[in-house]
Amino acid sequence: MAPTSTPQTPFGRVLTAMVTPFTADGALDLDGAQRLATHLVDAGNDGLVINGTTGESPTTSDAEKSDLVRAVLEAVGDRAHIIAGVGTNDTHHSIELARAAEGIGAHGLLVVTPYYNKPPQEGLYRHFRAIADAADLPVMLYDIPGRSGVPIDTETIVRLAEHPRIVANKDAKGDLGRASWAIARSGLAWYSGDDMLNLPLLSVGAVGFVSVVGHVVTPELRTLVEAYVSGDVQKATEIHQKLLPVFTGMFRTQGVMTTKAALALQGLPAGPLRAPMVELSPEETAQLKIDLAAGGVQL
């Protein structure tokens, strides 16, 4: 049974988009995934997003995706929301992944905008509706035009919000003005999908974060959001400013590359990357250590 939620915070407030640990030979490391998931929930995450971008979903098979969700549910599914990434640029394939995730017991679905084929807004609308219709799970849209090539327009978000199972949006659009209008008009639970904008998005109505830096600073993110929600904006701002080196350092290059390097530095399960991702260079690793230390992360 998933942890309790409210319409305002259907997946909690602090979620980490978890990496997918691999063994030295590149196979799925399910034991490592369970240990990492337990570490992240112990650190204060309300939920975990599995099989997202940071989970290297473009390079894992459908069977591996299912095995990973099943393993994480077994480890922490009784005390954290487990959200399965099921978005692809093929509506039929996404429906199959959604139904598989539901069958395994996932608590929700993350559905990214179809990428590469650049459908029009009506195509996006039909895509998201079809997936929401296919499984009886709450859906979080994922709007990230920098990767997908197409934004979800505010009008489309408002239309999608009429669906009873589309309850949230992960916003990596980087546009506070458009976010403000979409939050006000759609009523969706809004989650920051851009760590540098976690605090600014709270100020225009977001309820929480789906974070990458949560791998290393979950307690700080939780304190930040709790301070903001309780009205202590000054404390939230101080934490935001303290974390600026972490926000910057973890995205100097591709996020999963830096995240796996950071986890390895802390002795946590991560393992190698699958091509076309590559390991950080010695120079990049040295810079990451400097950035994390400047933000107070213990290595």
# chains A, B, ... in the order shown; residues from 1 in each chain; ligands from 1
>>> select_by_dssp(residues="segment 100-212 of chain A", states="strand (DSSP E)", output="ChimeraX atom specification")
/A:108-112,139-143,166-171,189-192,208-211
>>> write_last_selection(atoms="N, CA, C and O atoms", output="tab-separated table (two decimals), in the first residue's frame")
chain	number	residue	atom	x	y	z
A	108	GLY	N	2.22	5.15	-9.16
A	108	GLY	CA	1.91	6.22	-10.10
A	108	GLY	C	2.78	6.11	-11.32
A	108	GLY	O	3.69	5.27	-11.39
A	109	LEU	N	2.49	6.97	-12.30
A	109	LEU	CA	3.21	6.95	-13.58
A	109	LEU	C	3.77	8.33	-13.87
A	109	LEU	O	3.09	9.34	-13.68
A	110	LEU	N	5.00	8.37	-14.36
A	110	LEU	CA	5.58	9.59	-14.92
A	110	LEU	C	5.61	9.43	-16.43
A	110	LEU	O	6.17	8.44	-16.94
A	111	VAL	N	5.00	10.39	-17.13
A	111	VAL	CA	4.87	10.27	-18.59
A	111	VAL	C	5.48	11.50	-19.24
A	111	VAL	O	4.92	12.60	-19.18
A	112	VAL	N	6.62	11.32	-19.87
A	112	VAL	CA	7.32	12.43	-20.51
A	112	VAL	C	6.70	12.74	-21.87
A	112	VAL	O	6.10	11.88	-22.51
A	139	VAL	N	-1.28	9.96	-12.70
A	139	VAL	CA	-0.26	10.29	-13.70
A	139	VAL	C	0.35	11.65	-13.40
A	139	VAL	O	-0.36	12.63	-13.12
A	140	MET	N	1.67	11.70	-13.50
A	140	MET	CA	2.41	12.96	-13.48
A	140	MET	C	2.94	13.20	-14.88
A	140	MET	O	3.72	12.39	-15.42
A	141	LEU	N	2.49	14.28	-15.51
A	141	LEU	CA	3.06	14.68	-16.79
A	141	LEU	C	4.50	15.12	-16.57
A	141	LEU	O	4.87	15.55	-15.47
A	142	TYR	N	5.32	15.07	-17.61
A	142	TYR	CA	6.71	15.53	-17.52
A	142	TYR	C	6.99	16.42	-18.72
A	142	TYR	O	7.10	15.94	-19.85
A	143	ASP	N	7.09	17.71	-18.45
A	143	ASP	CA	7.25	18.73	-19.49
A	143	ASP	C	8.70	19.19	-19.51
A	143	ASP	O	9.14	19.94	-18.64
A	166	ILE	N	-4.95	12.35	-14.27
A	166	ILE	CA	-3.81	13.24	-14.50
A	166	ILE	C	-3.83	14.27	-13.37
A	166	ILE	O	-4.66	15.17	-13.34
A	167	VAL	N	-2.91	14.09	-12.42
A	167	VAL	CA	-2.99	14.84	-11.16
A	167	VAL	C	-1.81	15.77	-10.92
A	167	VAL	O	-1.85	16.59	-10.00
A	168	ALA	N	-0.75	15.65	-11.72
A	168	ALA	CA	0.46	16.40	-11.41
A	168	ALA	C	1.26	16.68	-12.67
A	168	ALA	O	1.04	16.06	-13.72
A	169	ASN	N	2.20	17.61	-12.55
A	169	ASN	CA	3.12	17.93	-13.64
A	169	ASN	C	4.52	18.12	-13.07
A	169	ASN	O	4.69	18.79	-12.05
A	170	LYS	N	5.48	17.52	-13.71
A	170	LYS	CA	6.89	17.76	-13.40
A	170	LYS	C	7.40	18.78	-14.41
A	170	LYS	O	7.43	18.52	-15.61
A	171	ASP	N	7.78	19.94	-13.90
A	171	ASP	CA	8.08	21.09	-14.75
A	171	ASP	C	9.59	21.28	-14.90
A	171	ASP	O	10.27	21.66	-13.95
A	189	ALA	N	-1.09	19.41	-9.21
A	189	ALA	CA	0.02	19.47	-8.26
A	189	ALA	C	1.30	19.65	-9.07
A	189	ALA	O	1.59	18.86	-9.97
A	190	TRP	N	2.06	20.70	-8.75
A	190	TRP	CA	3.20	21.08	-9.57
A	190	TRP	C	4.50	20.70	-8.87
A	190	TRP	O	4.70	21.04	-7.70
A	191	TYR	N	5.36	19.98	-9.56
A	191	TYR	CA	6.64	19.55	-9.01
A	191	TYR	C	7.77	20.13	-9.85
A	191	TYR	O	7.76	20.03	-11.07
A	192	SER	N	8.74	20.72	-9.17
A	192	SER	CA	9.90	21.24	-9.87
A	192	SER	C	10.73	20.09	-10.42
A	192	SER	O	11.08	19.16	-9.69
A	208	GLY	N	6.34	20.70	-4.52
A	208	GLY	CA	7.50	19.88	-4.19
A	208	GLY	C	8.43	19.71	-5.37
A	208	GLY	O	8.35	20.46	-6.35
A	209	PHE	N	9.30	18.71	-5.26
A	209	PHE	CA	10.38	18.53	-6.22
A	209	PHE	C	10.45	17.07	-6.68
A	209	PHE	O	10.22	16.15	-5.90
A	210	VAL	N	10.82	16.88	-7.95
A	210	VAL	CA	11.37	15.60	-8.42
A	210	VAL	C	12.80	15.92	-8.77
A	210	VAL	O	13.09	16.54	-9.79
A	211	SER	N	13.71	15.51	-7.90
A	211	SER	CA	15.07	16.04	-7.88
A	211	SER	C	16.11	15.03	-8.35
A	211	SER	O	15.95	13.82	-8.17
>>> residues_around(residues="Pro3 of chain A", least_positions_apart="3", cutoff="7 Å", atoms="only C-alpha atoms", output="PyMOL selection string")
chain A and resi 78-81
>>> residues_around(residues="Arg252 of chain A", least_positions_apart="6", cutoff="10 Å", atoms="only C-alpha atoms", output="PDB file with C-alpha atoms, in the first residue's frame")
ATOM      1  CA  THR A 258      27.629  13.264 -12.230  1.00  0.00           C
ATOM      2  CA  GLU A 284      35.399  16.490 -14.106  1.00  0.00           C
ATOM      3  CA  GLN A 287      35.539  19.597 -10.072  1.00  0.00           C
ATOM      4  CA  LEU A 288      32.530  17.654  -8.816  1.00  0.00           C
ATOM      5  CA  ASP A 291      31.333  21.658  -6.034  1.00  0.00           C
TER       6      ASP A 291
END
>>> atom_distance(atom1="atom CA of Ser148 of chain A", atom2="atom CA of Pro21 of chain A")
24.5 Å
>>> residues_around(residues="Ala75 of chain A", least_positions_apart="3", cutoff="8 Å", atoms="only C-alpha atoms", output="MDAnalysis selection string")
chainID A and resid 34:35 37:38 71:72
>>> write_last_selection(atoms="N, CA, C and O atoms", output="short mmCIF file (atom, residue, chain, number, x, y, z; two decimals), in the first residue's frame")
data_model
loop_
_atom_site.label_atom_id
_atom_site.label_comp_id
_atom_site.auth_asym_id
_atom_site.auth_seq_id
_atom_site.Cartn_x
_atom_site.Cartn_y
_atom_site.Cartn_z
N GLN A 34 17.91 -1.85 -4.56
CA GLN A 34 17.18 -1.90 -3.29
C GLN A 34 17.93 -1.18 -2.18
O GLN A 34 17.32 -0.48 -1.36
N ARG A 35 19.24 -1.34 -2.15
CA ARG A 35 20.03 -0.65 -1.11
C ARG A 35 20.00 0.86 -1.32
O ARG A 35 19.88 1.63 -0.36
N ALA A 37 17.63 2.60 -2.93
CA ALA A 37 16.27 3.07 -2.64
C ALA A 37 16.06 3.20 -1.14
O ALA A 37 15.47 4.18 -0.65
N THR A 38 16.53 2.23 -0.38
CA THR A 38 16.40 2.28 1.08
C THR A 38 17.15 3.47 1.64
O THR A 38 16.64 4.19 2.51
N ALA A 71 11.62 -4.59 -7.74
CA ALA A 71 12.62 -4.65 -6.67
C ALA A 71 12.51 -3.46 -5.73
O ALA A 71 12.61 -3.61 -4.50
N VAL A 72 12.30 -2.27 -6.28
CA VAL A 72 12.21 -1.08 -5.44
C VAL A 72 10.93 -1.11 -4.60
O VAL A 72 10.93 -0.73 -3.42
#
>>> select_by_dssp(residues="segment 171-215 of chain A", states="helix (DSSP H, G or I)", output="MDAnalysis selection string")
chainID A and resid 176:186 195:203 214:215
>>> residues_around(residues="Gly149 of chain A", least_positions_apart="5", cutoff="7 Å", atoms="only C-alpha atoms", output="PyMOL selection string")
chain A and resi 115-116+118
>>> closest_residue(among="A:Thr237, A:Ser186, A:Thr248, A:Ser180", to="Ile157 of chain A", atoms="only C-alpha atoms")
A:Ser186
>>> residues_around(residues="Gly105 of chain A", least_positions_apart="6", cutoff="10 Å", atoms="only C-alpha atoms", output="list in words")
Met1, Ala2, Val69, Arg70, Leu73, Glu74, Gly77, Ile82, Ile83, Ala84, Arg99 and Leu137 of chain A
